[in-house]
>>> print(open('target03.tsv').read())   # TSV, N, CA and C atoms
chain	number	residue	atom	x	y	z
A	1	MET	N	-12.98	-24.22	-2.79
A	1	MET	CA	-14.27	-24.88	-2.87
A	1	MET	C	-14.37	-25.88	-1.73
A	2	PHE	N	-15.54	-25.92	-1.15
A	2	PHE	CA	-15.77	-26.81	-0.02
A	2	PHE	C	-17.08	-27.56	-0.26
A	3	PRO	N	-17.02	-28.60	-1.13
A	3	PRO	CA	-18.24	-29.36	-1.40
A	3	PRO	C	-18.68	-30.13	-0.16
A	4	LEU	N	-19.94	-30.03	0.15
A	4	LEU	CA	-20.47	-30.71	1.33
A	4	LEU	C	-21.06	-32.06	0.93
A	5	PRO	N	-20.90	-33.08	1.78
A	5	PRO	CA	-21.37	-34.42	1.44
A	5	PRO	C	-22.87	-34.48	1.16
A	6	MET	N	-23.64	-33.58	1.74
A	6	MET	CA	-25.09	-33.62	1.54
A	6	MET	C	-25.51	-33.22	0.12
A	7	HIS	N	-24.59	-32.59	-0.63
A	7	HIS	CA	-24.89	-32.16	-1.99
A	7	HIS	C	-24.35	-33.20	-2.97
A	8	LYS	N	-25.25	-34.05	-3.47
A	8	LYS	CA	-24.86	-35.14	-4.36
A	8	LYS	C	-24.13	-34.60	-5.59
A	9	GLY	N	-22.95	-35.14	-5.84
A	9	GLY	CA	-22.17	-34.77	-7.02
A	9	GLY	C	-21.34	-33.51	-6.88
A	10	ALA	N	-21.42	-32.83	-5.72
A	10	ALA	CA	-20.70	-31.56	-5.55
A	10	ALA	C	-19.19	-31.74	-5.60
A	11	ARG	N	-18.69	-32.80	-4.96
A	11	ARG	CA	-17.24	-33.02	-4.98
A	11	ARG	C	-16.76	-33.25	-6.41
A	12	GLU	N	-17.45	-34.09	-7.15
A	12	GLU	CA	-17.06	-34.38	-8.53
A	12	GLU	C	-17.13	-33.14	-9.41
A	13	GLN	N	-18.14	-32.31	-9.17
A	13	GLN	CA	-18.26	-31.08	-9.94
A	13	GLN	C	-17.09	-30.14	-9.63
A	14	CYS	N	-16.71	-30.04	-8.37
A	14	CYS	CA	-15.57	-29.20	-7.99
A	14	CYS	C	-14.27	-29.72	-8.60
A	15	VAL	N	-14.08	-31.03	-8.57
A	15	VAL	CA	-12.89	-31.62	-9.17
A	15	VAL	C	-12.84	-31.30	-10.66
A	16	ALA	N	-13.96	-31.44	-11.35
A	16	ALA	CA	-14.01	-31.16	-12.79
A	16	ALA	C	-13.69	-29.70	-13.08
A	17	VAL	N	-14.19	-28.79	-12.26
A	17	VAL	CA	-13.91	-27.36	-12.45
A	17	VAL	C	-12.41	-27.10	-12.33
A	18	VAL	N	-11.77	-27.73	-11.34
A	18	VAL	CA	-10.32	-27.57	-11.17
A	18	VAL	C	-9.57	-28.19	-12.35
A	19	CYS	N	-9.92	-29.41	-12.70
A	19	CYS	CA	-9.21	-30.12	-13.77
A	19	CYS	C	-9.34	-29.42	-15.11
A	20	ASP	N	-10.49	-28.85	-15.39
A	20	ASP	CA	-10.73	-28.18	-16.68
A	20	ASP	C	-10.36	-26.71	-16.64
A	21	LYS	N	-9.77	-26.27	-15.51
A	21	LYS	CA	-9.33	-24.88	-15.34
A	21	LYS	C	-10.47	-23.88	-15.59
A	22	LYS	N	-11.59	-24.20	-15.01
A	22	LYS	CA	-12.75	-23.31	-15.09
A	22	LYS	C	-12.75	-22.43	-13.85
A	23	GLY	N	-13.67	-21.49	-13.79
A	23	GLY	CA	-13.72	-20.56	-12.68
A	23	GLY	C	-14.96	-20.71	-11.83
A	24	PHE	N	-15.05	-19.85	-10.82
A	24	PHE	CA	-16.18	-19.89	-9.90
A	24	PHE	C	-17.50	-19.63	-10.62
A	25	ASP	N	-17.48	-18.72	-11.61
A	25	ASP	CA	-18.71	-18.46	-12.37
A	25	ASP	C	-19.20	-19.72	-13.07
A	26	ASP	N	-18.26	-20.50	-13.61
A	26	ASP	CA	-18.64	-21.76	-14.26
A	26	ASP	C	-19.27	-22.71	-13.25
A	27	LEU	N	-18.69	-22.78	-12.07
A	27	LEU	CA	-19.24	-23.65	-11.02
A	27	LEU	C	-20.65	-23.22	-10.66
A	28	GLU	N	-20.84	-21.91	-10.45
A	28	GLU	CA	-22.17	-21.40	-10.10
A	28	GLU	C	-23.19	-21.63	-11.21
A	29	ASN	N	-22.72	-21.67	-12.45
A	29	ASN	CA	-23.62	-21.86	-13.59
A	29	ASN	C	-23.81	-23.33	-13.94
A	30	GLY	N	-23.38	-24.23	-13.04
A	30	GLY	CA	-23.65	-25.65	-13.20
A	30	GLY	C	-22.73	-26.37	-14.17
A	31	TYR	N	-21.49	-25.91	-14.31
A	31	TYR	CA	-20.55	-26.56	-15.22
A	31	TYR	C	-20.49	-28.06	-14.94
A	32	LYS	N	-20.56	-28.85	-15.98
A	32	LYS	CA	-20.50	-30.31	-15.86
A	32	LYS	C	-19.38	-30.85	-16.74
A	33	SER	N	-18.68	-31.82	-16.23
A	33	SER	CA	-17.63	-32.51	-16.97
A	33	SER	C	-17.34	-33.81	-16.23
A	34	ASP	N	-16.88	-34.80	-16.97
A	34	ASP	CA	-16.50	-36.07	-16.34
A	34	ASP	C	-15.03	-36.10	-15.98
A	35	ASN	N	-14.31	-35.00	-16.18
A	35	ASN	CA	-12.88	-34.95	-15.92
A	35	ASN	C	-12.63	-35.00	-14.41
A	36	GLN	N	-12.03	-36.08	-13.94
A	36	GLN	CA	-11.73	-36.28	-12.52
A	36	GLN	C	-10.24	-36.55	-12.37
A	37	CYS	N	-9.42	-35.60	-12.82
A	37	CYS	CA	-7.97	-35.77	-12.80
A	37	CYS	C	-7.46	-35.89	-11.36
A	38	ALA	N	-6.33	-36.55	-11.21
A	38	ALA	CA	-5.76	-36.78	-9.87
A	38	ALA	C	-5.40	-35.48	-9.16
A	39	ASP	N	-4.85	-34.50	-9.90
A	39	ASP	CA	-4.48	-33.23	-9.27
A	39	ASP	C	-5.70	-32.48	-8.74
A	40	GLY	N	-6.80	-32.50	-9.50
A	40	GLY	CA	-8.02	-31.84	-9.05
A	40	GLY	C	-8.60	-32.52	-7.82
A	41	ALA	N	-8.62	-33.85	-7.83
A	41	ALA	CA	-9.14	-34.60	-6.68
A	41	ALA	C	-8.28	-34.34	-5.44
A	42	LYS	N	-6.96	-34.29	-5.63
A	42	LYS	CA	-6.05	-34.04	-4.50
A	42	LYS	C	-6.29	-32.65	-3.91
A	43	LEU	N	-6.48	-31.65	-4.76
A	43	LEU	CA	-6.71	-30.28	-4.29
A	43	LEU	C	-8.04	-30.17	-3.54
A	44	VAL	N	-9.10	-30.70	-4.12
A	44	VAL	CA	-10.42	-30.62	-3.48
A	44	VAL	C	-10.44	-31.41	-2.18
A	45	ASP	N	-9.89	-32.63	-2.20
A	45	ASP	CA	-9.87	-33.45	-0.98
A	45	ASP	C	-8.99	-32.82	0.10
A	46	GLY	N	-7.91	-32.19	-0.32
A	46	GLY	CA	-7.05	-31.50	0.64
A	46	GLY	C	-7.75	-30.32	1.29
A	47	THR	N	-8.53	-29.59	0.51
A	47	THR	CA	-9.30	-28.47	1.05
A	47	THR	C	-10.34	-28.96	2.04
A	48	ILE	N	-11.03	-30.03	1.68
A	48	ILE	CA	-12.03	-30.62	2.58
A	48	ILE	C	-11.36	-31.04	3.89
A	49	ALA	N	-10.23	-31.71	3.81
A	49	ALA	CA	-9.52	-32.18	5.01
A	49	ALA	C	-9.06	-31.01	5.87
A	50	LEU	N	-8.50	-29.98	5.24
A	50	LEU	CA	-8.02	-28.81	5.98
A	50	LEU	C	-9.16	-28.14	6.74
A	51	LEU	N	-10.23	-27.84	6.03
A	51	LEU	CA	-11.35	-27.12	6.67
A	51	LEU	C	-12.05	-27.99	7.71
A	52	SER	N	-12.24	-29.26	7.41
A	52	SER	CA	-12.87	-30.16	8.39
A	52	SER	C	-12.00	-30.29	9.63
A	53	GLY	N	-10.69	-30.32	9.44
A	53	GLY	CA	-9.76	-30.40	10.57
A	53	GLY	C	-9.79	-29.17	11.46
A	54	LYS	N	-10.25	-28.05	10.92
A	54	LYS	CA	-10.38	-26.81	11.69
A	54	LYS	C	-11.76	-26.70	12.34
A	55	GLY	N	-12.59	-27.73	12.14
A	55	GLY	CA	-13.92	-27.72	12.74
A	55	GLY	C	-14.98	-27.05	11.87
A	56	ILE	N	-14.63	-26.74	10.64
A	56	ILE	CA	-15.58	-26.09	9.74
A	56	ILE	C	-16.40	-27.18	9.07
A	57	THR	N	-17.71	-27.05	9.19
A	57	THR	CA	-18.59	-28.11	8.68
A	57	THR	C	-19.61	-27.61	7.67
A	58	GLY	N	-19.65	-26.32	7.39
A	58	GLY	CA	-20.66	-25.82	6.47
A	58	GLY	C	-20.27	-24.49	5.87
A	59	THR	N	-21.16	-24.02	5.03
A	59	THR	CA	-20.97	-22.74	4.36
A	59	THR	C	-22.21	-21.88	4.60
A	60	PRO	N	-22.07	-20.59	4.59
A	60	PRO	CA	-20.80	-19.88	4.47
A	60	PRO	C	-20.03	-19.91	5.78
A	61	THR	N	-18.74	-19.85	5.67
A	61	THR	CA	-17.85	-19.70	6.81
A	61	THR	C	-16.87	-18.59	6.49
A	62	TYR	N	-16.78	-17.63	7.37
A	62	TYR	CA	-15.88	-16.50	7.20
A	62	TYR	C	-14.61	-16.79	7.99
A	63	LEU	N	-13.46	-16.68	7.33
A	63	LEU	CA	-12.16	-16.86	7.99
A	63	LEU	C	-11.53	-15.49	8.14
A	64	PHE	N	-11.18	-15.11	9.35
A	64	PHE	CA	-10.63	-13.78	9.61
A	64	PHE	C	-9.13	-13.85	9.85
A	65	SER	N	-8.46	-12.74	9.63
A	65	SER	CA	-7.00	-12.69	9.70
A	65	SER	C	-6.45	-12.99	11.09
A	66	ASP	N	-7.28	-12.86	12.13
A	66	ASP	CA	-6.81	-13.16	13.49
A	66	ASP	C	-6.94	-14.65	13.83
A	67	GLY	N	-7.33	-15.46	12.83
A	67	GLY	CA	-7.44	-16.89	13.04
A	67	GLY	C	-8.81	-17.37	13.46
A	68	ARG	N	-9.69	-16.44	13.77
A	68	ARG	CA	-11.05	-16.83	14.16
A	68	ARG	C	-11.90	-17.04	12.92
A	69	TYR	N	-12.98	-17.81	13.10
A	69	TYR	CA	-13.90	-17.99	11.99
A	69	TYR	C	-15.33	-17.95	12.51
A	70	GLN	N	-16.23	-17.67	11.60
A	70	GLN	CA	-17.65	-17.58	11.92
A	70	GLN	C	-18.41	-18.41	10.91
A	71	SER	N	-19.09	-19.45	11.36
A	71	SER	CA	-19.94	-20.24	10.48
A	71	SER	C	-21.33	-19.65	10.50
A	72	GLY	N	-21.94	-19.59	9.35
A	72	GLY	CA	-23.28	-19.03	9.22
A	72	GLY	C	-23.22	-17.61	8.70
A	73	VAL	N	-24.32	-17.19	8.15
A	73	VAL	CA	-24.41	-15.88	7.52
A	73	VAL	C	-24.27	-14.76	8.55
A	74	LEU	N	-23.46	-13.77	8.20
A	74	LEU	CA	-23.35	-12.54	9.00
A	74	LEU	C	-24.07	-11.43	8.24
A	75	GLU	N	-24.85	-10.65	8.96
A	75	GLU	CA	-25.46	-9.47	8.34
A	75	GLU	C	-24.35	-8.53	7.90
A	76	ALA	N	-24.62	-7.70	6.91
A	76	ALA	CA	-23.60	-6.81	6.34
A	76	ALA	C	-22.93	-5.95	7.40
A	77	ASP	N	-23.70	-5.35	8.30
A	77	ASP	CA	-23.10	-4.47	9.31
A	77	ASP	C	-22.25	-5.26	10.30
A	78	ALA	N	-22.67	-6.47	10.65
A	78	ALA	CA	-21.89	-7.30	11.56
A	78	ALA	C	-20.57	-7.70	10.89
A	79	LEU	N	-20.62	-7.99	9.59
A	79	LEU	CA	-19.39	-8.33	8.87
A	79	LEU	C	-18.46	-7.12	8.79
A	80	ARG	N	-19.02	-5.95	8.49
A	80	ARG	CA	-18.20	-4.73	8.46
A	80	ARG	C	-17.53	-4.51	9.81
A	81	GLN	N	-18.31	-4.65	10.87
A	81	GLN	CA	-17.78	-4.44	12.23
A	81	GLN	C	-16.66	-5.43	12.50
A	82	ARG	N	-16.84	-6.67	12.14
A	82	ARG	CA	-15.84	-7.71	12.39
A	82	ARG	C	-14.55	-7.44	11.62
A	83	LEU	N	-14.69	-6.82	10.44
A	83	LEU	CA	-13.53	-6.51	9.60
A	83	LEU	C	-12.90	-5.16	9.94
A	84	GLY	N	-13.53	-4.43	10.88
A	84	GLY	CA	-13.01	-3.13	11.25
A	84	GLY	C	-13.34	-2.04	10.24
A	85	ILE	N	-14.37	-2.28	9.43
A	85	ILE	CA	-14.82	-1.30	8.44
A	85	ILE	C	-15.94	-0.49	9.08
A	86	PRO	N	-15.91	0.84	8.95
A	86	PRO	CA	-16.96	1.65	9.56
A	86	PRO	C	-18.35	1.25	9.05
A	87	VAL	N	-19.28	1.21	9.98
A	87	VAL	CA	-20.68	0.93	9.64
A	87	VAL	C	-21.30	2.23	9.18
A	88	PRO	N	-22.02	2.23	8.05
A	88	PRO	CA	-22.61	3.46	7.54
A	88	PRO	C	-23.55	4.10	8.56
A	89	PRO	N	-23.58	5.45	8.58
A	89	PRO	CA	-24.49	6.14	9.50
A	89	PRO	C	-25.93	5.71	9.25
A	90	GLY	N	-26.66	5.61	10.32
A	90	GLY	CA	-28.07	5.24	10.21
A	90	GLY	C	-28.31	3.74	10.24
A	91	SER	N	-27.24	2.95	10.17
A	91	SER	CA	-27.41	1.50	10.26
A	91	SER	C	-27.66	1.12	11.71
A	92	ALA	N	-28.40	0.07	11.87
A	92	ALA	CA	-28.64	-0.42	13.23
A	92	ALA	C	-27.33	-0.98	13.76
A	93	PRO	N	-27.05	-0.80	15.06
A	93	PRO	CA	-25.81	-1.35	15.60
A	93	PRO	C	-25.79	-2.86	15.42
A	94	ALA	N	-24.68	-3.36	14.92
A	94	ALA	CA	-24.55	-4.80	14.69
A	94	ALA	C	-24.21	-5.49	16.00
A	95	THR	N	-24.79	-6.65	16.18
A	95	THR	CA	-24.45	-7.47	17.33
A	95	THR	C	-23.26	-8.32	16.94
A	96	PRO	N	-22.15	-8.21	17.66
A	96	PRO	CA	-20.98	-9.01	17.27
A	96	PRO	C	-21.28	-10.50	17.42
A	97	PRO	N	-20.71	-11.32	16.54
A	97	PRO	CA	-20.92	-12.76	16.66
A	97	PRO	C	-20.29	-13.27	17.95
A	98	PRO	N	-20.76	-14.42	18.45
A	98	PRO	CA	-20.19	-14.97	19.67
A	98	PRO	C	-18.68	-15.16	19.53
A	99	GLY	N	-17.94	-14.76	20.54
A	99	GLY	CA	-16.50	-14.95	20.54
A	99	GLY	C	-15.73	-13.88	19.80
A	100	ALA	N	-16.42	-12.94	19.18
A	100	ALA	CA	-15.71	-11.89	18.44
A	100	ALA	C	-15.12	-10.90	19.42
A	101	PRO	N	-13.92	-10.42	19.13
A	101	PRO	CA	-13.33	-9.43	20.03
A	101	PRO	C	-14.09	-8.12	19.89
A	102	PRO	N	-14.03	-7.26	20.91
A	102	PRO	CA	-14.71	-5.98	20.80
A	102	PRO	C	-14.13	-5.17	19.65
A	103	SER	N	-14.94	-4.28	19.11
A	103	SER	CA	-14.46	-3.43	18.03
A	103	SER	C	-13.27	-2.63	18.50
A	104	PRO	N	-12.28	-2.44	17.61
A	104	PRO	CA	-11.11	-1.68	18.04
A	104	PRO	C	-11.49	-0.24	18.38
A	105	ALA	N	-10.93	0.23	19.46
A	105	ALA	CA	-11.21	1.61	19.88
A	105	ALA	C	-10.54	2.56	18.90
A	106	LYS	N	-11.20	3.66	18.64
A	106	LYS	CA	-10.61	4.65	17.75
A	106	LYS	C	-9.52	5.38	18.52
A	107	LYS	N	-8.41	5.58	17.85
A	107	LYS	CA	-7.30	6.30	18.46
A	107	LYS	C	-7.42	7.79	18.15
A	108	ALA	N	-7.11	8.57	19.14
A	108	ALA	CA	-7.09	10.02	18.91
A	108	ALA	C	-5.88	10.34	18.05
A	109	PRO	N	-5.99	11.36	17.21
A	109	PRO	CA	-4.84	11.72	16.39
A	109	PRO	C	-3.67	12.11	17.29
A	110	ALA	N	-2.49	11.76	16.86
A	110	ALA	CA	-1.29	12.08	17.64
A	110	ALA	C	-1.09	13.58	17.65
A	111	ALA	N	-0.67	14.07	18.80
A	111	ALA	CA	-0.43	15.51	18.94
A	111	ALA	C	0.81	15.88	18.15
A	112	THR	N	0.74	17.01	17.47
A	112	THR	CA	1.88	17.52	16.74
A	112	THR	C	2.71	18.37	17.67
A	113	PRO	N	4.01	18.09	17.76
A	113	PRO	CA	4.84	18.92	18.67
A	113	PRO	C	4.84	20.37	18.21
A	114	ALA	N	4.82	21.27	19.18
A	114	ALA	CA	4.82	22.71	18.87
A	114	ALA	C	6.19	23.10	18.35
A	115	LYS	N	6.19	23.95	17.34
A	115	LYS	CA	7.45	24.44	16.78
A	115	LYS	C	7.96	25.58	17.65
A	116	LYS	N	9.25	25.67	17.80
A	116	LYS	CA	9.86	26.72	18.62
A	116	LYS	C	10.23	27.89	17.78
>>> encode(input="target03.tsv", output="structure tokens")
Amino acid sequence: MFPLPMHKGAREQCVAVVCDKKGFDDLENGYKSDNQCADGAKLVDGTIALLSGKGITGTPTYLFSDGRYQSGVLEADALRQRLGIPVPPGSAPATPPPGAPPSPAKKAPAATPAKK
């Protein structure tokens, strides 16, 4: 969870969700509690510090396995392309996000040695 300062009460709500061992569905459904346990506050504040330290300032932010990230919404085909998932036929070609590496080239199948 990455509560943003502009959302009043978001940090406290995230801490309560952690402390009360609730899930993401509960958070999305507006779960409320006054439970502000130290472990929950430490986890949420640690997440905020980690992401802020990486230059992430908003949501959504996509974190990719190569260490790159993309802030802001990606269209479905652009996300598929970035993840190396084939784009369905008939989809418009996705424009890669700035700084994204080119799509991996498809490798030809390896030749099978001829049997003697």
>>> residues_near_point(input="target03.tsv", point="(-16.6, -27.2, -15.3)", cutoff="8 Å", atoms="all atoms listed in the file", output="ChimeraX atom specification")
/A:13-23,26-27,30-34
>>> closest_residue(input="target03.tsv", among="A:Gly58, A:Ser65, A:Ala76, A:Val44", to="Met1 of chain A", atoms="all atoms listed in the file")
A:Val44
>>> residues_near_point(input="target03.tsv", point="(-24.1, -14.2, 4.4)", cutoff="8 Å", atoms="all atoms listed in the file", output="JSON list (two decimals) with N, CA and C atoms, in the coordinates of the input")
[["chain", "number", "residue", "atom", "x", "y", "z"],
["A", 59, "THR", "N", -21.16, -24.02, 5.03],
["A", 59, "THR", "CA", -20.97, -22.74, 4.36],
["A", 59, "THR", "C", -22.21, -21.88, 4.60],
["A", 60, "PRO", "N", -22.07, -20.59, 4.59],
["A", 60, "PRO", "CA", -20.80, -19.88, 4.47],
["A", 60, "PRO", "C", -20.03, -19.91, 5.78],
["A", 61, "THR", "N", -18.74, -19.85, 5.67],
["A", 61, "THR", "CA", -17.85, -19.70, 6.81],
["A", 61, "THR", "C", -16.87, -18.59, 6.49],
["A", 72, "GLY", "N", -21.94, -19.59, 9.35],
["A", 72, "GLY", "CA", -23.28, -19.03, 9.22],
["A", 72, "GLY", "C", -23.22, -17.61, 8.70],
["A", 73, "VAL", "N", -24.32, -17.19, 8.15],
["A", 73, "VAL", "CA", -24.41, -15.88, 7.52],
["A", 73, "VAL", "C", -24.27, -14.76, 8.55],
["A", 74, "LEU", "N", -23.46, -13.77, 8.20],
["A", 74, "LEU", "CA", -23.35, -12.54, 9.00],
["A", 74, "LEU", "C", -24.07, -11.43, 8.24],
["A", 75, "GLU", "N", -24.85, -10.65, 8.96],
["A", 75, "GLU", "CA", -25.46, -9.47, 8.34],
["A", 75, "GLU", "C", -24.35, -8.53, 7.90],
["A", 76, "ALA", "N", -24.62, -7.70, 6.91],
["A", 76, "ALA", "CA", -23.60, -6.81, 6.34],
["A", 76, "ALA", "C", -22.93, -5.95, 7.40]]
>>> atom_distance(input="target03.tsv", atom1="atom N of Leu83 of chain A", atom2="atom CA of Phe64 of chain A")
8.1 Å
>>> select_by_dssp(input="target03.tsv", residues="segment 5-99 of chain A", states="alpha helix (DSSP H)", output="PyMOL selection string")
chain A and resi 10-19+24-28+38-53+76-83
>>> closest_residue(input="target03.tsv", among="A:Lys54, A:Ile48, A:Ser91, A:Tyr69", to="Leu4 of chain A", atoms="only C-alpha atoms")
A:Ile48
>>> atom_distance(input="target03.tsv", atom1="atom C of Gly53 of chain A", atom2="atom C of Gly67 of chain A")
12.0 Å
>>> atom_distance(input="target03.tsv", atom1="atom C of Asn29 of chain A", atom2="atom N of His7 of chain A")
16.2 Å
